[in-house]
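These notes concern the structure reproduced below.
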Amino acid sequence: QVQLVESGGGLVQAGGSLRLSCAASRSIFSIPIMGWYRQAPGKQRELVATITSGSSTNSADSVKGRFTISRDNAKNTVYLQMNSLKPEDTAVYYCSAQYVAVTYWGQGTQVTVSP
């Protein structure tokens with residue numbers, strides 16, 4: 001099993017920055033894929049960015065050039081650096097881990113971007 005705890009969300013003005021953290025309950029060195037997803041009110045959960053155990057990354061077109069996913073294996077933590085935030089980035093952000101054919105989710109952290 002993998003337990004995930006997100007932190008770092010909050011209220012920020014458009015153009016501002018936030019860094020989200022996702023702390024895992026086990027070594028993330030052995031977790032093939034970790035990622036960030038988001039869900040805005042009335043919308044489906046969508047992919048934001050993923051990172052493999054080899055540190056290959058993938059991100060949604062809507063956040064390319066603004067958001068960066070990274071991992072620190074020593075701290076068992078994955079980060080999402082979000083710059084140039086827009087009101088449309090407002091959502092609950094969830095951390096995920098794909099491990100042994102199971103996808104684990106954190107409880108989510110709210111990000112609100114004001115105009």
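Please note that chains go A, B, ... in the order of the structure tokens, that every chain numbers its residues from 1, and that ligands are numbered from 1 in the order shown.
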- Identify, on the basis of only C-alpha atoms, every residue whose closest approach to stretch 44-54 of chain A does not exceed 6 Å; exclude the query and any residue fewer than 5 positions from it along the same chain; express the result as a count of residues only. 10
- Contacts of A:Ser84 at 9 Å or less, counting only C-alpha atoms, minus same-chain residues fewer than 6 places along, as a count of residues only? 6
- Can you check which residues of stretch 16-91 of chain A DSSP gives as strand (DSSP E or B) on the backbone and send them as a count of residues only? 37
- Query: Taking only C-alpha atoms into account, which of A:Val63, A:Val111, A:Leu11, A:Val2 comes nearest A:Ser30?
  - Reply: A:Val2
Name the residues in contact with stretch 18-27 of chain A at a cut-off of 8 Å, using only C-alpha atoms, excluding same-chain residues fewer than 2 positions from it; report them as a PDB file with C-alpha atoms, in the first residue's frame.
```pdb
ATOM      1  CA  VAL A   2       0.962   3.625  -0.512  1.00  0.00           C
ATOM      2  CA  GLN A   3      -0.413   6.524   1.477  1.00  0.00           C
ATOM      3  CA  LEU A   4      -0.080   9.985  -0.027  1.00  0.00           C
ATOM      4  CA  VAL A   5      -0.397  13.329   1.736  1.00  0.00           C
ATOM      5  CA  GLU A   6      -0.566  16.543  -0.265  1.00  0.00           C
ATOM      6  CA  SER A   7       0.243  20.004   1.017  1.00  0.00           C
ATOM      7  CA  GLY A   8       0.974  23.479  -0.288  1.00  0.00           C
ATOM      8  CA  GLY A   9      -2.366  24.518  -1.700  1.00  0.00           C
ATOM      9  CA  GLY A  10      -3.943  27.883  -1.004  1.00  0.00           C
ATOM     10  CA  VAL A  12      -3.069  33.081  -4.825  1.00  0.00           C
ATOM     11  CA  GLY A  16       1.458  34.033  -8.774  1.00  0.00           C
ATOM     12  CA  PHE A  29      12.181   4.893  -5.711  1.00  0.00           C
ATOM     13  CA  SER A  30      10.166   1.724  -6.339  1.00  0.00           C
ATOM     14  CA  ILE A  31       7.029   3.476  -7.598  1.00  0.00           C
ATOM     15  CA  ASN A  73      13.615  10.080  -3.725  1.00  0.00           C
ATOM     16  CA  LYS A  75      12.485  12.560   0.937  1.00  0.00           C
ATOM     17  CA  ASN A  76       9.883  10.260  -0.670  1.00  0.00           C
ATOM     18  CA  THR A  77       8.236  13.389  -2.009  1.00  0.00           C
ATOM     19  CA  VAL A  78       6.938  14.573  -5.368  1.00  0.00           C
ATOM     20  CA  TYR A  79       6.516  18.264  -6.103  1.00  0.00           C
ATOM     21  CA  LEU A  80       4.486  20.367  -8.481  1.00  0.00           C
ATOM     22  CA  GLN A  81       5.876  23.852  -9.026  1.00  0.00           C
ATOM     23  CA  MET A  82       3.139  26.037 -10.463  1.00  0.00           C
ATOM     24  CA  ASN A  83       4.055  29.409 -11.950  1.00  0.00           C
ATOM     25  CA  CYS A  95      -1.361  13.263  -5.988  1.00  0.00           C
TER      26      CYS A  95
END
```
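Among A:Gln13, A:Pro41, A:Ser96, A:Ser56, the residue with the shortest atom-to-atom distance to A:Thr68, counting only C-alpha atoms, is A:Ser56.
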